[in-house]
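Asker: Got a structure for you, written out below as structure tokens; questions coming shortly.
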Amino acid sequence: MSKFKNIKVITKKELDKFVNSLIKNEKYDVIGVKEKGIRFAFGSIESADELRLDYDVTILPPKKYFLPQIEKLMDFNLEKNFDFKKQNNQKPMIIFGIHPYDIIALQQTDKLYLDQQVDDFYKKRRDSSIIVGVDIQKVSEKSFAASMNTHITDSGFDLLLTNIGDYYTVTIGTEKGEKLLNEYAKTKPATISEIKKIDEVRKKTAKKFTKVLKIKKEQWSNVLAANYNHPIWEKRSQKCMECSSCTMVCPTCYCYDVHDDVSLDLKKGERYRTWDGCLIRDFTKIGSGEVFRDDVEKRYRHRFYRKGNYLPERYGFVACVGCGRCGIACLPDIASPCDVINDLSHFERSDVTDKFFIKYSSSVKEKGIIHIPRSATIKRMEQLTKTEMFFEIELDNGEPLGHMPGQFVEVSIFGVGEAPISVSSGPNDSSSFELVVRKVGDVTGRLFKMKPGEKIGIRGPFGNGFDVKSFENKNILLSAGGLGIVPMRSLIEYVLEPNNRKNYKDITILYGAKEPSLILFPEEFKDWSKVDDVKCELTVDKCAEGDCWMGCTGLITTLYPKIKLDKYDSENTIAVIIGPPIVYNFIIKCLQTLGIPDKNIYVSLERRMKCGVGKCGHCQINGVYVCKEGPVFNYKDVKNLPEAFE
Amino acid sequence: MKPRVAFFDFSSCEGCQLQIADLEEEILDLIEIVDVVSFREVMKEHSDEYDIAIIEGSIMRPMDEHRLRKIRNKCKILIALGACATIGGINKIRNQWPVKNVIKEVYKDADIEDNKFFNVSPTKAVNEVVPVDYYIHGCPINRDEFKNVISSLALGKKPKIPNYPVCVECKKNENVCLFELGKFCLGPITRAGCGAICPTNGSACDGCRGILSKPDVECVMDLLERYDLTYEEMKNRCTIYNTGVFNPKDGMTLVRRSKR
């Protein structure tokens, strides 16, 4: 309490005057809690009479003012080659009546959105807002905030109101809050007995919570880690209607999707982001149609692990504030974390705890403002196969992309959208780089129709590439399946570069394609094998009748017995696998047969990478962001992630 | 050359075409990106040369199936427009009874025996007769969605049709859940894209955009009990647009959702 020397009291009449004078002033959007039918909601208020500080809980949390349901990111003009205007206007707002749990939820979102990759759009809204919190007066029947210790807060607000009977106390949290109060309100300093009353009120409120957690929130992570395969997930998810209401109303859910809309005359359009939810089946769907969390059981489970294990392990806080909104919104009543955790608390087995998280952060930060692409020009296009096209791209600012082998970029086409594409060329000083694109979705389909000279947007490079320094003085065994040769080529170009070649010992490149007509870079493949101590093996799954093919036939796994074990110092060999999801388990078995330890194996994994900066939530493998910690992983780090090689 | 678009109507109220006619001055934008060669509601010209066929209405008679197949053979892209076309919709209510009983009920003793126009089969959605490339759902359709589909196709991208339920949009609109107000709403299992227009205005969702998933029987029974709703209310709601999606025999035996 001593922390707040600055506690004032205000009469209810003066509080109304304070609110009304702010409304009259028109400098701010004045927002507060109002009645909405039988419930409550935050909304613009026109008079202090509308303000209901005695509410239990609002339908949606105040996050809608910081991450709006639909938020325009930019306007673009399709009549010009690459023309857009970032949208980021925000009138200052004052929000009255935020409960402590929602204030804490906003502080959590700050951690995610204002980390080393600041989300500009979010920041602007946060910076231009004033938070006037209020201590809970009426407890919502589904809330368990007292068990989470989120029914009270001593930070995160500019001002905090507490109803102590005849008066409100106003706790001043920031200078901004103090200034506002001095300017617009008539208060007097609180007496010792009035300050004591604040604590009494809070203690009384805490006792009114009927929903109570059986274990402490600090234990959530361990309880969940021990119960990943518990029958509770299947049993409870059978009732799930897959409506994602639980994520929509959650103050700590912040996943979003980005779309482009175009006017009917195709002349202009806008890019916007909108709330997405991990209970929605298409949440993990990628361009080729693959869905990575297809069973409702897995999606249902994911939500609880994200709140109770993945984010706590990453950021140190449980990403649930006990507001109980999901419990109200869920028709079959299976969404409340309180119920799930209480059920699981009977089953805790402290001896087995799985880890769903790895700790290494992205080496490269996005250049520029989040979501804003850099202008680039298509220099050259070449159709490699019937479904794959080669692109040479040059950044218009003349700078090199600055990527490491294995990294990816987001290709952005206004009106169509964005798609993550692996960089196929090795790092170099020139301002151009190469991509190979398979025609699977909208962006790739459009790229096929473009012509040299046309402009596209580029964001990135993103993620972690190959740690080529740690490969030095080792043999290197590269396995590429199908399109995996595209990112692999960036690594091959790097290690075969004359200055770098001496740092690596024997290099073996194994490449399996579906059929002869689908082999990518056949000429380069021949060139690579001409370099000293480089061995290249190529195989095709099958050879169509009439095709001329003199090489190996069979899956890529048939190539491994050819590798002479005696020649290979397996401990001293680095193995890299890039291919379609199905090949990993088979190739890893072959490598293990060769005696290559797991810590020497690297894989590059594919997921739905939308934002590229670990915010939108789509690419998660358990607690790991593929766009940030990956796409390149050390196999020993991911082999125990249940969702990695399913 | 701009793609040529033709509209065709089958059994329907033509209200979905009316929604397009209601685009008013935006029609000018529409004809800037496509050539409308046939659109009975707004023009008298007609051409049989078209790339995109937009089909409104359900398929009720063998002669309609024949006409639809001819259209499918001529067009490159076929779009089903509105609930009658996309899911059969209201026209499927009659599939609860044998066709001959329905005829008897409506036409009593009228002499229609040899009249081919009265040769009726059970109602079908368009995709039960020919393959459909894209769907514009709803009763009536949402004009913004129509514009989005057309501009997407003109840009060469797949139209973005939501694959998630109405609840998502309803929650974004911050509505009080209609179940709390004692209404049975099909929002949790119906495809979104309408902006949750009905629940936002206080009416329970009737499922006009089609059912996405069939919830567990136990779950539904639970729900009815918790919110003090009757089986009758649920059954009626499910048969308005989605007769046959659930077991057609009694209109509403819920099927256990299979793992996908």
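Lettering and numbering for the structure tokens are positional, with chains as A, B, ... in the shown order, residues counted from 1 in each chain, and ligands counted from 1 in the shown order.
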Could you give me, as a tab-separated table, a per-residue list for chain B showing, wherever an atom lies at most 7 Å from an atom of chain A, the closest pair of atoms and their distance in Å to one decimal, using only C-alpha atoms and sorting by chain then residue number from low to high?
Answerer:
residue	atom	partner	partner_atom	distance
B:Asp29	CA	A:Asp265	CA	4.8
B:Leu30	CA	A:Leu264	CA	6.2
B:Glu32	CA	A:Asp265	CA	6.6
B:Ile33	CA	A:Asp265	CA	6.5
B:Lys147	CA	A:Leu264	CA	6.0
B:Ser151	CA	A:Leu264	CA	5.5
B:Gly156	CA	A:Arg446	CA	6.9
B:Lys157	CA	A:Asp442	CA	4.9
B:Lys158	CA	A:Asp442	CA	6.4
B:Tyr164	CA	A:Ile280	CA	6.2
B:Pro165	CA	A:Cys243	CA	5.6
B:Cys167	CA	A:Cys243	CA	5.9
B:Val168	CA	A:Ser245	CA	6.1
B:Lys171	CA	A:Met248	CA	6.3
B:Lys172	CA	A:Gln69	CA	6.0
B:Glu174	CA	A:Ile59	CA	6.2
B:Val176	CA	A:Arg39	CA	6.8
B:Pro188	CA	A:Cys243	CA	5.3
B:Ile189	CA	A:Met241	CA	6.8
B:Pro215	CA	A:Met241	CA	5.8
B:Asp216	CA	A:Lys239	CA	6.0
B:Cys219	CA	A:Lys239	CA	5.1
B:Leu223	CA	A:Pro332	CA	6.2
B:Lys259	CA	A:Asp295	CA	6.6
B:Arg260	CA	A:Asp295	CA	6.4
Asker: Output N, CA and C atoms of each residue in that selection to a file, as a PDB file, in the first residue's frame.
Answerer:
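Dumped everything to result-v7.pdb:
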ATOM      1  N   ASP B  29     -19.361  -1.298 -61.695  1.00  0.00           N
ATOM      2  CA  ASP B  29     -18.046  -1.874 -61.407  1.00  0.00           C
ATOM      3  C   ASP B  29     -18.007  -3.333 -61.841  1.00  0.00           C
ATOM      4  N   LEU B  30     -19.132  -4.004 -61.570  1.00  0.00           N
ATOM      5  CA  LEU B  30     -19.207  -5.430 -61.917  1.00  0.00           C
ATOM      6  C   LEU B  30     -19.005  -5.622 -63.411  1.00  0.00           C
ATOM      7  N   GLU B  32     -17.524  -3.823 -65.360  1.00  0.00           N
ATOM      8  CA  GLU B  32     -16.199  -3.415 -65.817  1.00  0.00           C
ATOM      9  C   GLU B  32     -15.229  -4.598 -65.789  1.00  0.00           C
ATOM     10  N   ILE B  33     -15.465  -5.548 -64.893  1.00  0.00           N
ATOM     11  CA  ILE B  33     -14.547  -6.693 -64.809  1.00  0.00           C
ATOM     12  C   ILE B  33     -15.108  -7.966 -65.441  1.00  0.00           C
ATOM     13  N   LYS B 147     -19.594  -9.918 -54.031  1.00  0.00           N
ATOM     14  CA  LYS B 147     -18.568  -9.052 -54.630  1.00  0.00           C
ATOM     15  C   LYS B 147     -17.184  -9.644 -54.411  1.00  0.00           C
ATOM     16  N   SER B 151     -14.648 -10.577 -57.372  1.00  0.00           N
ATOM     17  CA  SER B 151     -13.358  -9.884 -57.500  1.00  0.00           C
ATOM     18  C   SER B 151     -12.199 -10.865 -57.289  1.00  0.00           C
ATOM     19  N   GLY B 156      -7.870 -13.979 -59.899  1.00  0.00           N
ATOM     20  CA  GLY B 156      -7.255 -15.301 -60.015  1.00  0.00           C
ATOM     21  C   GLY B 156      -6.938 -15.948 -58.679  1.00  0.00           C
ATOM     22  N   LYS B 157      -7.666 -15.541 -57.622  1.00  0.00           N
ATOM     23  CA  LYS B 157      -7.470 -16.251 -56.353  1.00  0.00           C
ATOM     24  C   LYS B 157      -8.756 -16.929 -55.911  1.00  0.00           C
ATOM     25  N   LYS B 158      -8.580 -17.915 -55.042  1.00  0.00           N
ATOM     26  CA  LYS B 158      -9.737 -18.662 -54.545  1.00  0.00           C
ATOM     27  C   LYS B 158     -10.568 -17.751 -53.650  1.00  0.00           C
ATOM     28  N   TYR B 164     -15.658 -21.723 -40.761  1.00  0.00           N
ATOM     29  CA  TYR B 164     -15.848 -21.738 -39.312  1.00  0.00           C
ATOM     30  C   TYR B 164     -17.268 -21.270 -39.015  1.00  0.00           C
ATOM     31  N   PRO B 165     -17.750 -21.526 -37.798  1.00  0.00           N
ATOM     32  CA  PRO B 165     -19.168 -21.271 -37.532  1.00  0.00           C
ATOM     33  C   PRO B 165     -19.518 -19.811 -37.238  1.00  0.00           C
ATOM     34  N   CYS B 167     -20.761 -18.493 -34.734  1.00  0.00           N
ATOM     35  CA  CYS B 167     -20.361 -18.022 -33.397  1.00  0.00           C
ATOM     36  C   CYS B 167     -19.150 -17.094 -33.462  1.00  0.00           C
ATOM     37  N   VAL B 168     -18.216 -17.397 -34.364  1.00  0.00           N
ATOM     38  CA  VAL B 168     -17.008 -16.587 -34.457  1.00  0.00           C
ATOM     39  C   VAL B 168     -17.377 -15.141 -34.770  1.00  0.00           C
ATOM     40  N   LYS B 171     -19.538 -13.586 -31.863  1.00  0.00           N
ATOM     41  CA  LYS B 171     -18.728 -13.169 -30.721  1.00  0.00           C
ATOM     42  C   LYS B 171     -18.005 -11.863 -31.046  1.00  0.00           C
ATOM     43  N   LYS B 172     -17.499 -11.749 -32.275  1.00  0.00           N
ATOM     44  CA  LYS B 172     -16.824 -10.509 -32.659  1.00  0.00           C
ATOM     45  C   LYS B 172     -17.785  -9.323 -32.569  1.00  0.00           C
ATOM     46  N   GLU B 174     -19.977  -9.091 -30.356  1.00  0.00           N
ATOM     47  CA  GLU B 174     -20.266  -8.973 -28.922  1.00  0.00           C
ATOM     48  C   GLU B 174     -21.754  -9.038 -28.608  1.00  0.00           C
ATOM     49  N   VAL B 176     -25.120 -10.820 -26.929  1.00  0.00           N
ATOM     50  CA  VAL B 176     -25.510 -11.731 -25.855  1.00  0.00           C
ATOM     51  C   VAL B 176     -25.925 -13.029 -26.546  1.00  0.00           C
ATOM     52  N   PRO B 188     -23.672 -22.220 -33.674  1.00  0.00           N
ATOM     53  CA  PRO B 188     -22.445 -22.969 -33.357  1.00  0.00           C
ATOM     54  C   PRO B 188     -22.031 -23.977 -34.432  1.00  0.00           C
ATOM     55  N   ILE B 189     -23.003 -24.399 -35.280  1.00  0.00           N
ATOM     56  CA  ILE B 189     -22.636 -25.432 -36.254  1.00  0.00           C
ATOM     57  C   ILE B 189     -22.854 -24.977 -37.698  1.00  0.00           C
ATOM     58  N   PRO B 215     -22.757 -32.085 -34.139  1.00  0.00           N
ATOM     59  CA  PRO B 215     -22.283 -32.343 -32.778  1.00  0.00           C
ATOM     60  C   PRO B 215     -22.774 -33.676 -32.231  1.00  0.00           C
ATOM     61  N   ASP B 216     -22.083 -34.091 -31.229  1.00  0.00           N
ATOM     62  CA  ASP B 216     -22.374 -35.297 -30.502  1.00  0.00           C
ATOM     63  C   ASP B 216     -23.801 -35.284 -29.929  1.00  0.00           C
ATOM     64  N   CYS B 219     -24.012 -34.266 -26.337  1.00  0.00           N
ATOM     65  CA  CYS B 219     -23.764 -32.834 -26.191  1.00  0.00           C
ATOM     66  C   CYS B 219     -25.031 -32.044 -26.430  1.00  0.00           C
ATOM     67  N   LEU B 223     -27.280 -29.824 -23.853  1.00  0.00           N
ATOM     68  CA  LEU B 223     -27.523 -28.420 -24.170  1.00  0.00           C
ATOM     69  C   LEU B 223     -29.000 -28.074 -23.980  1.00  0.00           C
ATOM     70  N   LYS B 259     -14.318 -38.835 -36.563  1.00  0.00           N
ATOM     71  CA  LYS B 259     -13.001 -38.186 -36.571  1.00  0.00           C
ATOM     72  C   LYS B 259     -12.596 -37.948 -38.012  1.00  0.00           C
ATOM     73  N   ARG B 260     -12.083 -36.752 -38.279  1.00  0.00           N
ATOM     74  CA  ARG B 260     -11.695 -36.489 -39.664  1.00  0.00           C
ATOM     75  C   ARG B 260     -10.250 -36.842 -39.881  1.00  0.00           C
TER      76      ARG B 260
END
Asker: With a distance cut-off of 12 Å and only C-alpha atoms, select the neighbouring residues of Asn397 (chain A), excluding the residue or stretch itself and same-chain residues fewer than 3 positions from it, and output the selection as a PDB file with C-alpha atoms, in the first residue's frame.
Answerer:
ATOM      1  CA  ARG A 374       9.645  -4.016 -48.822  1.00  0.00           C
ATOM      2  CA  SER A 375       9.347  -3.374 -52.511  1.00  0.00           C
ATOM      3  CA  ALA A 376      11.178  -5.823 -54.806  1.00  0.00           C
ATOM      4  CA  THR A 377      11.305  -6.556 -58.515  1.00  0.00           C
ATOM      5  CA  GLU A 394      15.926  -7.924 -56.398  1.00  0.00           C
ATOM      6  CA  PRO A 400      21.297  -7.610 -50.053  1.00  0.00           C
ATOM      7  CA  LEU A 401      18.562  -9.677 -48.385  1.00  0.00           C
ATOM      8  CA  SER A 430      24.243  -8.837 -54.331  1.00  0.00           C
ATOM      9  CA  SER A 431      20.817  -7.325 -53.893  1.00  0.00           C
ATOM     10  CA  SER A 432      19.158 -10.244 -55.616  1.00  0.00           C
ATOM     11  CA  ILE A 458       9.127  -9.038 -49.448  1.00  0.00           C
TER      12      ILE A 458
END
Asker: So which residues of region 37-199 of chain B fall under strand (DSSP E or B) by DSSP, listed as an mmCIF file with C-alpha atoms, in the first residue's frame?
Answerer:
data_model
loop_
_atom_site.group_PDB
_atom_site.id
_atom_site.type_symbol
_atom_site.label_atom_id
_atom_site.label_comp_id
_atom_site.auth_asym_id
_atom_site.auth_seq_id
_atom_site.Cartn_x
_atom_site.Cartn_y
_atom_site.Cartn_z
ATOM 1 C CA VAL B 37 -24.383 -12.019 -70.996
ATOM 2 C CA SER B 38 -27.521 -13.322 -69.336
ATOM 3 C CA HIS B 46 -29.384 -13.452 -73.606
ATOM 4 C CA ILE B 52 -18.994 -18.500 -65.648
ATOM 5 C CA ALA B 53 -22.458 -19.852 -64.900
ATOM 6 C CA ILE B 54 -24.115 -18.674 -61.707
ATOM 7 C CA ILE B 55 -26.904 -21.012 -60.675
ATOM 8 C CA GLU B 56 -29.697 -19.976 -58.371
ATOM 9 C CA SER B 58 -32.784 -26.077 -56.231
ATOM 10 C CA ILE B 59 -33.110 -28.895 -58.695
ATOM 11 C CA ILE B 77 -16.688 -22.250 -63.790
ATOM 12 C CA LEU B 78 -19.976 -23.026 -62.098
ATOM 13 C CA ILE B 79 -21.047 -21.107 -59.005
ATOM 14 C CA ALA B 80 -23.997 -22.088 -56.807
ATOM 15 C CA LEU B 81 -25.812 -18.982 -55.604
ATOM 16 C CA LYS B 124 -31.470 -31.686 -54.846
ATOM 17 C CA TYR B 134 -17.607 -22.199 -55.828
ATOM 18 C CA TYR B 135 -20.412 -21.533 -53.393
ATOM 19 C CA ILE B 136 -22.050 -18.270 -52.426
ATOM 20 C CA GLY B 138 -27.019 -17.802 -47.607
ATOM 21 C CA ILE B 141 -26.818 -14.192 -50.151
ATOM 22 C CA PRO B 165 -19.168 -21.271 -37.532
ATOM 23 C CA THR B 190 -23.504 -23.195 -39.220
ATOM 24 C CA ARG B 191 -20.987 -21.784 -41.686
#
Asker: Which residues, written as a PDB file with C-alpha atoms, in the first residue's frame, have at least one atom at most 12 Å from region 219-221 of chain A, with only C-alpha atoms counted and residues fewer than 2 positions away on the same chain left out?
Answerer:
ATOM      1  CA  MET A 148      -5.367 -16.888  -9.982  1.00  0.00           C
ATOM      2  CA  LEU A 213      -8.901 -23.863  -8.247  1.00  0.00           C
ATOM      3  CA  LYS A 214      -7.640 -26.890  -6.360  1.00  0.00           C
ATOM      4  CA  ILE A 215      -4.009 -26.189  -7.202  1.00  0.00           C
ATOM      5  CA  LYS A 216      -1.877 -23.089  -7.500  1.00  0.00           C
ATOM      6  CA  LYS A 217      -1.442 -21.536 -10.934  1.00  0.00           C
ATOM      7  CA  VAL A 223       0.233 -30.850 -14.260  1.00  0.00           C
ATOM      8  CA  LEU A 224      -0.292 -30.368 -17.992  1.00  0.00           C
ATOM      9  CA  ALA A 225       3.191 -31.635 -18.850  1.00  0.00           C
ATOM     10  CA  ALA A 226       2.379 -34.889 -17.092  1.00  0.00           C
ATOM     11  CA  ASN A 227      -1.008 -35.377 -18.718  1.00  0.00           C
ATOM     12  CA  TYR A 228      -0.556 -34.768 -22.435  1.00  0.00           C
ATOM     13  CA  PHE A 304      -5.183 -25.420 -22.638  1.00  0.00           C
ATOM     14  CA  TYR A 305      -1.499 -26.137 -23.198  1.00  0.00           C
ATOM     15  CA  ARG A 306      -0.966 -22.767 -24.743  1.00  0.00           C
ATOM     16  CA  LYS A 307      -2.479 -21.103 -21.697  1.00  0.00           C
ATOM     17  CA  GLY A 308      -1.121 -23.391 -19.039  1.00  0.00           C
ATOM     18  CA  ASN A 309       2.188 -24.704 -20.335  1.00  0.00           C
ATOM     19  CA  TYR A 310       3.571 -23.227 -23.576  1.00  0.00           C
ATOM     20  CA  LEU A 311       3.292 -19.548 -22.669  1.00  0.00           C
ATOM     21  CA  PRO A 312       4.180 -20.032 -18.983  1.00  0.00           C
ATOM     22  CA  GLU A 313       7.369 -21.831 -20.046  1.00  0.00           C
ATOM     23  CA  ARG A 314       8.211 -19.094 -22.521  1.00  0.00           C
ATOM     24  CA  GLY A 316       6.825 -17.041 -17.038  1.00  0.00           C
ATOM     25  CA  PHE A 317       3.115 -16.348 -16.671  1.00  0.00           C
ATOM     26  CA  VAL A 318       0.004 -18.477 -16.957  1.00  0.00           C
ATOM     27  CA  ALA A 319      -1.892 -17.057 -19.908  1.00  0.00           C
ATOM     28  CA  CYS A 320      -5.244 -17.291 -18.184  1.00  0.00           C
ATOM     29  CA  PRO A 337      -9.555 -23.998 -17.511  1.00  0.00           C
ATOM     30  CA  CYS A 338     -10.580 -24.156 -13.845  1.00  0.00           C
ATOM     31  CA  VAL A 340      -9.980 -28.968 -16.610  1.00  0.00           C
ATOM     32  CA  ILE A 341      -7.117 -28.230 -14.261  1.00  0.00           C
ATOM     33  CA  ASN A 342      -9.153 -29.348 -11.251  1.00  0.00           C
ATOM     34  CA  ASP A 343     -10.003 -32.612 -13.006  1.00  0.00           C
ATOM     35  CA  LEU A 344      -6.358 -33.175 -13.900  1.00  0.00           C
ATOM     36  CA  SER A 345      -5.087 -32.300 -10.452  1.00  0.00           C
ATOM     37  CA  GLU A 348      -0.792 -35.508 -11.509  1.00  0.00           C
ATOM     38  CA  ARG A 349       2.242 -37.739 -11.992  1.00  0.00           C
ATOM     39  CA  SER A 350       5.272 -35.727 -11.131  1.00  0.00           C
ATOM     40  CA  THR A 353       7.029 -34.508 -17.469  1.00  0.00           C
ATOM     41  CA  ASP A 354       7.243 -33.905 -21.174  1.00  0.00           C
ATOM     42  CA  LYS A 355       8.840 -30.771 -22.500  1.00  0.00           C
ATOM     43  CA  PHE A 356       6.999 -28.886 -25.203  1.00  0.00           C
ATOM     44  CA  PHE A 357       9.266 -25.967 -25.540  1.00  0.00           C
ATOM     45  CA  GLY A 623       5.144 -24.502 -27.569  1.00  0.00           C
TER      46      GLY A 623
END
Asker: Restrict the calculation to only C-alpha atoms, then for each residue of region 458-514 of chain A with any atom at most 6 Å from an atom of region 625-635 of chain A give the closest atom pair and their distance in Å to one decimal, rows by chain and rising residue number, as JSON lines.
Answerer:
{"residue": "A:Gly463", "atom": "CA", "partner": "A:Lys628", "partner_atom": "CA", "distance": 4.5}
{"residue": "A:Asn464", "atom": "CA", "partner": "A:Gly630", "partner_atom": "CA", "distance": 5.2}
{"residue": "A:Gly465", "atom": "CA", "partner": "A:Val632", "partner_atom": "CA", "distance": 5.6}
Asker: Kindly export the residues of the current selection with N, CA and C atoms, as a short mmCIF file (atom, residue, chain, number, x, y, z; two decimals), in the first residue's frame.
Answerer:
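Listed below is the output, selection_19.cif:
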data_model
loop_
_atom_site.label_atom_id
_atom_site.label_comp_id
_atom_site.auth_asym_id
_atom_site.auth_seq_id
_atom_site.Cartn_x
_atom_site.Cartn_y
_atom_site.Cartn_z
N GLY A 463 13.24 -16.29 -39.19
CA GLY A 463 13.55 -17.57 -38.56
C GLY A 463 15.02 -17.84 -38.39
N ASN A 464 15.29 -19.05 -37.93
CA ASN A 464 16.66 -19.51 -37.78
C ASN A 464 17.05 -20.36 -38.98
N GLY A 465 18.17 -20.03 -39.60
CA GLY A 465 18.69 -20.85 -40.68
C GLY A 465 19.63 -21.90 -40.11
#
Asker: Report, in Å to a single decimal, how far apart CA of Cys253 (chain A) and CA of Phe462 (chain A) are.
Answerer: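 Going from CA of Phe462 (chain A) over to CA of Cys253 (chain A) covers 23.4 Å.
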Asker: Run DSSP on the backbone of this structure and report the residues of region 25-189 of chain B it assigns to alpha helix (DSSP H), as a ChimeraX atom specification.
Answerer: /B:26-33,62-74,83-86,99-107,143-155,166-172
Asker: Report as a PyMOL selection string all protein, DNA and RNA residues lying within 10 Å of Cys13 (chain B), evaluated on only C-alpha atoms, omitting residues in the same chain fewer than 5 positions from it.
Answerer: chain B and resi 18+56-57+84+140
Asker: Could the residues in this selection be written to a file with N, CA and C atoms, as an mmCIF file, in the first residue's frame?
Answerer:
data_model
loop_
_atom_site.group_PDB
_atom_site.id
_atom_site.type_symbol
_atom_site.label_atom_id
_atom_site.label_comp_id
_atom_site.auth_asym_id
_atom_site.auth_seq_id
_atom_site.Cartn_x
_atom_site.Cartn_y
_atom_site.Cartn_z
ATOM 1 N N LEU B 18 -31.906 -10.902 -56.909
ATOM 2 C CA LEU B 18 -32.366 -9.560 -56.569
ATOM 3 C C LEU B 18 -31.314 -8.826 -55.731
ATOM 4 N N GLU B 56 -28.862 -20.204 -59.535
ATOM 5 C CA GLU B 56 -29.697 -19.976 -58.371
ATOM 6 C C GLU B 56 -30.801 -21.021 -58.361
ATOM 7 N N GLY B 57 -31.153 -21.519 -57.178
ATOM 8 C CA GLY B 57 -32.295 -22.417 -57.068
ATOM 9 C C GLY B 57 -31.946 -23.885 -56.897
ATOM 10 N N CYS B 84 -30.825 -22.289 -51.757
ATOM 11 C CA CYS B 84 -31.542 -23.286 -52.564
ATOM 12 C C CYS B 84 -30.566 -24.056 -53.435
ATOM 13 N N PRO B 140 -31.090 -14.593 -47.856
ATOM 14 C CA PRO B 140 -30.468 -14.498 -49.180
ATOM 15 C C PRO B 140 -28.950 -14.404 -49.032
#
Asker: As an exercise, work out the distance from CA of Ser21 (chain A) to CA of Ala185 (chain A) in Å and give it to one decimal place.
Answerer: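 Computing it gives 8.6 Å between the two atoms.
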Asker: Need to verify the contact set: Ala48 (chain A), 8 Å, only C-alpha atoms, exclusion of same-chain residues closer than 3 positions in sequence. Can you return it as a list in words?
Answerer: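 After dropping sequence-adjacent residues, the list is Asp16, Lys17, Val19, Asn20, Ile45 and Leu51 of chain A.
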Asker: Between B:Leu229, B:Ile87, B:Ile103, B:Cys198, which residue has the minimum interatomic distance to Gly210 (chain B), considering only C-alpha atoms?
Answerer: B:Ile87
Asker: I'd like the contact shell of Gly165 (chain A) - 12 Å cut-off, only C-alpha atoms, skipping same-chain residues fewer than 4 positions apart - returned as a list in words.
Answerer: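 The neighbour list is Val9, Ile10, Thr11, Lys12, Gln137, Leu161, Thr169, Glu194, Lys197, Ile198, Glu200 and Val201 of chain A.
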Asker: If you count only C-alpha atoms, which residues fall within 10 Å of region 535-551 of chain A, apart from same-chain ones fewer than 4 positions away, as a ChimeraX atom specification?
Answerer: /A:477-482,506-519,522,525-531,555-560,562-563
Asker: Produce a file of the selected residues containing C-alpha atoms, as a short mmCIF file (atom, residue, chain, number, x, y, z; two decimals), in the first residue's frame.
Answerer:
data_model
loop_
_atom_site.label_atom_id
_atom_site.label_comp_id
_atom_site.auth_asym_id
_atom_site.auth_seq_id
_atom_site.Cartn_x
_atom_site.Cartn_y
_atom_site.Cartn_z
CA LEU A 477 25.28 -35.50 -45.35
CA LEU A 478 22.37 -33.71 -46.97
CA SER A 479 19.04 -35.44 -47.67
CA ALA A 480 16.48 -33.62 -49.78
CA GLY A 481 13.07 -35.03 -50.69
CA GLY A 482 11.02 -33.39 -53.44
CA ASP A 506 33.29 -34.71 -47.27
CA ILE A 507 29.94 -33.61 -48.54
CA THR A 508 27.24 -36.04 -49.65
CA ILE A 509 24.05 -34.85 -51.30
CA LEU A 510 21.14 -37.28 -51.55
CA TYR A 511 18.10 -36.19 -53.49
CA GLY A 512 14.88 -38.06 -54.12
CA ALA A 513 12.31 -36.79 -56.60
CA LYS A 514 8.95 -38.27 -57.53
CA GLU A 515 9.75 -38.79 -61.19
CA PRO A 516 12.45 -37.71 -63.67
CA SER A 517 10.45 -34.75 -65.02
CA LEU A 518 10.18 -33.30 -61.50
CA ILE A 519 13.92 -33.19 -60.74
CA PRO A 522 19.54 -31.29 -62.69
CA PHE A 525 23.35 -31.29 -59.46
CA LYS A 526 25.91 -32.48 -62.02
CA ASP A 527 28.13 -29.47 -61.29
CA TRP A 528 27.99 -30.08 -57.55
CA SER A 529 29.22 -33.65 -57.99
CA LYS A 530 32.26 -32.35 -59.89
CA VAL A 531 33.57 -30.53 -56.82
CA LEU A 555 12.58 -44.03 -52.48
CA ILE A 556 15.35 -41.84 -51.09
CA THR A 557 15.84 -44.37 -48.27
CA THR A 558 17.32 -46.81 -50.82
CA LEU A 559 20.35 -44.51 -51.14
CA TYR A 560 21.62 -44.88 -47.57
CA LYS A 562 25.35 -47.08 -50.48
CA ILE A 563 27.03 -44.85 -47.95
#
